[in-house]
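Everything on this sheet refers to the single structure shown next.
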Amino acid sequence: MEGTLVNKRNRIHPHKFALWAAMGSITMMFGAFTSAYIVKQSAGNWLEFSMPVVFYVSTFLILISSFTLHTSFSGFKSGNESRYKSMLILSFVLGIAFIILQYFGWTELYKKGVDLKGNVSGSFFYLLSGIHALHVLGGIAAISVALIHAFTLKFKVTDIRLNRFDLVVNYWHFVDFLWVYLFLFLLISK
Amino acid sequence: MANVTFHEEDVLIKEQGFNDHFHEHHHGDKYQTNFIFHYIFSMDHKIIARQFLITGIIWAIIGAAMSVIFRLQLGFPEESLTWIKPFLGKWIVVDPTTGIGKLAPEFYYALVTMHGTIIVFFVLTAGLSGTFSNLLIPLQIGARDMASPFMNMLSYWFFFLAGIVMFYSLFLSTGPFSGGWVAYPPLSALPQASSGSGTGMTLWLVSLVLFVVSVLLGGINYITTILNLRTKGMSLWRMPLPIWAFFVTAILGLLSFPVLASGFFMLIFDRSLGTSFFLSDIFIAGQALDRVGGSPILYQHLFWFLGHPEVYIIILPAMGLVSEVMSVHSRKPIFGYRAMVYSIMAIGFLSFIVWAHHMFMAGINPFIANFFVVFTLIIAVPSAVKVFNWITTLYGGNIRLNTPMLFAIGFVSMFISGGLTGIFLGNSAIDIVMHDTYFVVAHFHIVMGVAAFFGMFAGVYHWFPKMYGRFMNETLGKIHFWGTMISAYAIFWPMHYIGMAGVPRRYYSFDTFDAFKHFTDLNKFITIFAIVAFFVQLIFVINFFYSIWYGKKMKTKNPWEANTVEWTTPIEPIHGNWPGNLPTVHRWAYDYNKDEREFVQQHVPLKDGEVGDH
């Protein structure tokens with residue numbers, strides 16, 4: 001791909017830039033949700049409930065998964081195939097574990113009597129964490145594609161593959177930070 | 001490449017141009033192998049632009065036909081509409097004794113709702129911004145295509161899918177959604193609220209969620225392309241004004257449509273999962289619902305946080321196109337290029353902090369309304385800067401009064417007329433009287449409906465040769481312009497007076513209001529001109545499709561003698577836009593009548609002592 005990258009206008013790969021724009025757009029959506037949350041909460045008639053411990057664990061897991069995926073990426077960059085593959089698998093597992101723990105958290109909340117219907121505070125909790133979980137599923141799908149590439153293609157560090165993997169890592173960090181934001185928001189806005 | 005004859009500009013591009021080795025990689029092959037991938041699932045931005053335009057035209061005909069039908073009801077409530085029963089079926093209710101057919105009231109509301117939804121989203125967002133962003137961004141910045149041609153194709157097909165779903169909803173036995181294009185709860189949140197609130201609203205939501213996806217995919221692509229794929233020398237301050245307008249438009253879309261999506265998700269939860277985000281203590285058909293604690297105002301905030309930027313998503317591309325057309329056909333540099341860009345940015349920024357002026361009478365805090373009044377009125381400043389600059393561009397110009405130029409001038413006229421009434425409505429105190437009357441209808445139709453259509457027409461007539469290699473017919477074009485100009489004012493000017501008298505919008509009939517009886521003739525007058533306007537648009541449609549195949553052929557690459565680089569591409573469009581090198585840009589886009597040269601194209605190198613930036 002020499003030639004296409006000589007101009008200074010390509011300092012950042014267009015696909016990566018597009019991903020950042022998309023992340024900005026997703027941020028706006030969650031910004032709207034949390035603003036609506038604040039507005040509704042200040043209007044009163046708000047049920048307070050404590051967050052199940054499971055969510056602390058899931059938060060910890062997704063933070064770790066960001067770290068492992070990053071390690072996998074640096075492994076790929078430096079040509080360390082075993083680190084690249086093992087850490088990629090670990091990240092995938094942690095991602096799945098996050099979703100499962102979120103599900104446990106929701107059932108625990110439901111058992112406590114916080115229903116999706118009924119008081120809006122419960123509805124908001126399921127809405128925020130549910131739509132975030134959908135975005136994590138998108139990230140898991142991306143990691144799955146990366147896994148398929150890792151185990152079907154011959155290990156070779158090329159610009160195209162590096163760039164693709166970089167996109168996956170960036171998106172995963174994003175859904176990670178998005179959850180941390182939502183988690184802290186839900187804790188603090190009590 | 002061997003069979004291309006080299007003109008002077010070709011030599012310049014060949015010698016000075018920028019070689020990106022595009023044609024060495026045979027990218028083009030997979031796009032143009034067969035009919036399906038060339039014309040239908042195309043990834044070429046020029047084909048996608050035409051797909052957006054033609055789909056937009058089809059939707060515009062449907063949306064306009066709807067307005068004619070409900071205008072018939074408003075202008076001639078006594079007349080029999082039995083003759084449209086073959087089209088509308090059971091929605092024309094025929095009185096068995098007299099044989100007089102009437103438009104069913106619930107379908108009247110459905111028509112009003114669909115007219116708004118279709119024109120705002122499908123025609124003036126997808127049809128306008130989708131068409132010209134796709135066509136002009138790569139061509140005017142000197143790129144081979146969009147940053148992601150695949151995403152660009154998806155953007156069109158999501159729009160197409162949204163259209164199919166909406167079109168299907170028109171044929172439901174319960175009718176399409178009928179609660180107004182803004183879809184306020186509870187009418188939109190409770191399936192049992194009205195006949196269109198059930199399946200009709202479900203399909204409306206599905207359609208618009210698909211549409212939001214389309215806008216986001218498109219917008220991400222436009223921004224990325226503009227920032228990353230400009231040709232050598234095309235600094236931001238050398239970009240033609242349409243590109244600036246598309247750029248800010250895409251940013252607005254990217255930041256505001258997700259907020260609409262969040263509102264829609266909550267609405268979907270309320271409709272299907274029994275949550276109470278927007279619903280509170282409602283009795284319906286004598287029954288109390290078990291919803292508590294929701295607020296319909298919350299939906300309005302989320303909706304208008306998109307809704308207001310949306311009107312600038314509609315009008316900014318039109319402004320950009322008009323600026324370019326006006327400068328080319330006045331043979332003068334655009335007056336105040338940087339001021340134009342800064343005012344686009346200012347409008348874009350302000351559009352995010354004025355949304356509550358749509359809700360002055362919805363029960364928001366009157367004190368907070370004051371802030372929204374101030375910001376709303378401040379928008380008049382950048383708008384006035386733009387109007388001043390357009391008029392000053394015309395002043396002393398060597399004006400060619402051809403169809404694109406006429407529409408560009410018509411745009412400015414409409415923008416002034418509609419903008420002035422905006423100053424009335426932006427005041428929360430005056431809005432107490434004016435809200436939800438025909439004054440509002442007149443205001444937004446002129447300023448964002450007709451004006452945006454004028455900008456779109458100016459663009460279509462101007463860039464038609466670039467799209468199809470042929471010209472549209474000038475005589476038909478001028479008939480189209482004058483017919484539209486006259487009937488648009490004839491329709492909407494009287495509406496201001498009706499509105500000032502307090503006649504509310506969206507009403508099916510005014511039979512029972514003595515106070516509004518004397519507007520019967522005025523309503524007839526408006527309806528007659530609405531019909532005229534509709535048929536005048538058909539002249540455009542005929543002209544458009546006739547000219548694709550039989551229009552006057554484009555003989556030279558640059559028929560308008562314009563400066564922007566899209567006019568250096570071959571007459572017969574190719575994949576990758578330029579056959580050899582990309583043009584290198586040396587100057588801004590508006591060097592008209594400079595140093596005794598009538599026009600200096602952007603890829604012409606600077607002479608000694610000449611400046612390229614302004």
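By convention here, the chains of the structure tokens are called A, B, ... in the order presented, each chain's residues are numbered starting at 1, and ligands are numbered starting at 1 in the order presented.
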Exercise. Please determine the contact residues of chain B with respect to chain A at a cut-off of 7 Å, counting only C-alpha atoms, and supply them as a list in words.
Key: Asp20, His21, Ala147, Ile220, Asn221, Thr224, Asn228, Leu229, Leu254, Leu255, Pro258, Val259, Ser262, Gly274, Thr275, Ser276, Phe277, Gly293 and Leu298 of chain B
Quiz item: Can you list, as number ranges by chain, every protein, DNA or RNA residue that comes within 10 Å of B:Pro465 when you count only C-alpha atoms, leaving out same-chain residues fewer than 5 positions away?
Solution: B: 460, 470-472, 547-548, 551-555, 557-560, 567, 571
Residues just named, written with N, CA and C atoms as a compact mmCIF listing (two decimals), in the first residue's frame:
# COMPACT_ATOMS: atom_id res chain seq x y z
N VAL B 460 -29.70 20.35 -8.48
CA VAL B 460 -29.98 19.34 -9.52
C VAL B 460 -29.75 19.95 -10.90
N ARG B 470 -25.61 15.19 -19.56
CA ARG B 470 -26.54 15.95 -20.40
C ARG B 470 -27.11 17.11 -19.60
N PHE B 471 -27.73 18.06 -20.32
CA PHE B 471 -28.35 19.20 -19.65
C PHE B 471 -29.84 18.98 -19.53
N MET B 472 -30.44 19.61 -18.50
CA MET B 472 -31.89 19.62 -18.44
C MET B 472 -32.39 20.74 -19.32
N SER B 547 -34.47 14.23 -19.74
CA SER B 547 -33.11 14.71 -20.01
C SER B 547 -32.04 13.65 -19.75
N ILE B 548 -32.34 12.68 -18.88
CA ILE B 548 -31.35 11.63 -18.63
C ILE B 548 -30.99 10.95 -19.95
N GLY B 551 -31.61 14.59 -23.16
CA GLY B 551 -31.21 15.98 -22.97
C GLY B 551 -30.06 16.38 -23.89
N LYS B 552 -29.81 17.70 -23.95
CA LYS B 552 -28.71 18.19 -24.78
C LYS B 552 -27.41 17.65 -24.21
N LYS B 553 -26.57 17.11 -25.07
CA LYS B 553 -25.35 16.48 -24.58
C LYS B 553 -24.33 17.50 -24.12
N MET B 554 -23.57 17.11 -23.11
CA MET B 554 -22.50 17.97 -22.61
C MET B 554 -21.29 17.77 -23.52
N LYS B 555 -20.82 18.89 -24.12
CA LYS B 555 -19.74 18.76 -25.10
C LYS B 555 -18.37 19.01 -24.47
N LYS B 557 -15.96 19.62 -20.85
CA LYS B 557 -15.92 19.14 -19.48
C LYS B 557 -16.50 20.13 -18.49
N ASN B 558 -16.36 21.42 -18.81
CA ASN B 558 -16.67 22.45 -17.81
C ASN B 558 -17.68 23.44 -18.38
N PRO B 559 -18.92 23.00 -18.56
CA PRO B 559 -19.88 23.84 -19.28
C PRO B 559 -20.21 25.15 -18.57
N TRP B 560 -20.17 25.16 -17.23
CA TRP B 560 -20.51 26.39 -16.51
C TRP B 560 -19.28 27.26 -16.31
N TRP B 567 -15.25 19.53 -12.22
CA TRP B 567 -15.42 19.79 -13.65
C TRP B 567 -14.16 19.45 -14.45
N ILE B 571 -16.19 13.58 -19.05
CA ILE B 571 -17.64 13.70 -19.22
C ILE B 571 -18.31 12.37 -18.92
Practice problem: For B:Pro382, please output as a PyMOL selection string all residues within 7 Å (counting only C-alpha atoms; exclusion window: fewer than 5 positions along the same chain). | Solution: chain B and resi 343+346-347
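All residues of protein, DNA or RNA that reach within 7 Å of stretch 139-141 of chain A, judged by only C-alpha atoms and not counting those fewer than 3 positions away in the chain, are Phe92, Gly95, His135, Val136, Ser144, Val145, Tyr171 and Trp172 of chain A.
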Exercise. Please identify all polymer residues within 9 Å of B:Gly101, counting only C-alpha atoms, omitting same-chain residues fewer than 6 positions from it, and present them as an NGL selection string.
Key: :B and (79-85 or 92-95)
Self-check item: Exercise: stretch 52-56 of chain A partners within 12 Å, only C-alpha atoms, chain neighbours under 2 positions left out, as an MDAnalysis selection string
Solution: chainID A and resid 49:50 58:63 97:112 114 125 129 179:180 182:184 186:187
Quiz item: Do you know which residues are at most 12 Å from B:Met485 counting only C-alpha atoms, after dropping those on the same chain fewer than 4 positions away, and could you put them as number ranges by chain?
Solution: B: 406-414, 446, 450-451, 453-454, 457, 478-481, 489-493, 529-530, 532-533, 536-537
Create the file for the chosen residues now, containing C-alpha atoms and written as a PDB file, in the first residue's frame.
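Generated file (part-v3.pdb):
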ATOM      1  CA  LEU B 406     -33.044  31.443 -10.586  1.00  0.00           C
ATOM      2  CA  PHE B 407     -33.580  28.751  -7.993  1.00  0.00           C
ATOM      3  CA  ALA B 408     -30.590  29.999  -6.021  1.00  0.00           C
ATOM      4  CA  ILE B 409     -32.011  33.514  -5.979  1.00  0.00           C
ATOM      5  CA  GLY B 410     -35.439  32.092  -5.146  1.00  0.00           C
ATOM      6  CA  PHE B 411     -33.849  30.299  -2.227  1.00  0.00           C
ATOM      7  CA  VAL B 412     -32.601  33.577  -0.789  1.00  0.00           C
ATOM      8  CA  SER B 413     -36.056  35.116  -1.200  1.00  0.00           C
ATOM      9  CA  MET B 414     -37.702  32.205   0.588  1.00  0.00           C
ATOM     10  CA  ILE B 446     -41.270  28.556   3.585  1.00  0.00           C
ATOM     11  CA  VAL B 450     -39.699  25.480   0.021  1.00  0.00           C
ATOM     12  CA  ALA B 451     -36.264  27.030   0.603  1.00  0.00           C
ATOM     13  CA  PHE B 453     -36.392  22.410  -2.188  1.00  0.00           C
ATOM     14  CA  PHE B 454     -35.147  25.491  -4.034  1.00  0.00           C
ATOM     15  CA  PHE B 457     -33.439  22.231  -7.450  1.00  0.00           C
ATOM     16  CA  LYS B 478     -37.845  28.248 -16.197  1.00  0.00           C
ATOM     17  CA  ILE B 479     -41.524  27.293 -16.291  1.00  0.00           C
ATOM     18  CA  HIS B 480     -40.807  25.069 -13.320  1.00  0.00           C
ATOM     19  CA  PHE B 481     -39.103  27.894 -11.448  1.00  0.00           C
ATOM     20  CA  TYR B 489     -45.930  32.207  -2.118  1.00  0.00           C
ATOM     21  CA  ALA B 490     -49.604  31.911  -3.053  1.00  0.00           C
ATOM     22  CA  ILE B 491     -49.924  28.874  -0.803  1.00  0.00           C
ATOM     23  CA  PHE B 492     -47.995  30.033   2.218  1.00  0.00           C
ATOM     24  CA  TRP B 493     -48.364  33.810   2.283  1.00  0.00           C
ATOM     25  CA  PHE B 529     -52.332  26.814  -5.776  1.00  0.00           C
ATOM     26  CA  ALA B 530     -51.294  23.631  -3.967  1.00  0.00           C
ATOM     27  CA  VAL B 532     -50.885  24.016  -9.359  1.00  0.00           C
ATOM     28  CA  ALA B 533     -47.635  23.596  -7.443  1.00  0.00           C
ATOM     29  CA  VAL B 536     -45.574  22.220 -11.845  1.00  0.00           C
ATOM     30  CA  GLN B 537     -43.342  19.752  -9.997  1.00  0.00           C
TER      31      GLN B 537
END
Practice problem: Determine which residues of stretch 194-426 of chain B DSSP labels as helix (DSSP H, G or I) from the backbone of this structure, then write them out as a ChimeraX atom specification. | Solution: /B:195-197,199-228,236-238,241-273,296-330,337-353,355-358,360-362,366-378,380-394,403-425
Quiz prompt | Nearest candidate to B:Tyr461 (options B:Glu15, B:Asp591, B:Glu474, B:Asp613; using only C-alpha atoms) | solution =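 Of B:Glu15, B:Asp591, B:Glu474, B:Asp613, the one nearest B:Tyr461, counting only C-alpha atoms, is B:Glu474.
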DSSP on the backbone, strand (DSSP E or B) only: what residues of stretch 265-330 of chain B does that give? Format it as a CSV table (one decimal) with C-alpha atoms, in the first residue's frame.
chain,number,residue,atom,x,y,z
B,283,PHE,CA,-57.3,6.8,31.5
B,284,ILE,CA,-58.1,5.3,28.1
B,287,GLN,CA,-59.9,2.3,32.0
B,288,ALA,CA,-57.0,3.4,34.2
Practice problem: May I ask which of the residues A:Leu90, A:Ser78, A:Ser42, A:Tyr126 is the closest one to B:Leu273, counting only C-alpha atoms? | Solution: A:Tyr126
Quiz prompt | Pick from B:Val292, B:Val374, B:Leu606, B:Ala261, whichever lies nearest to B:Arg587 using only C-alpha atoms | solution = B:Leu606
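Of the residues listed (B:Asp511, B:Ile430, B:Trp304, B:Val541), B:Val541 shows the shortest atom-to-atom separation from B:Ile61; distances use only C-alpha atoms.
Between A:Ile96 and the candidates A:Ser189, A:Ser65, A:Asn80, A:Ser74, the tightest atom-to-atom separation, counting only C-alpha atoms, involves A:Ser65.
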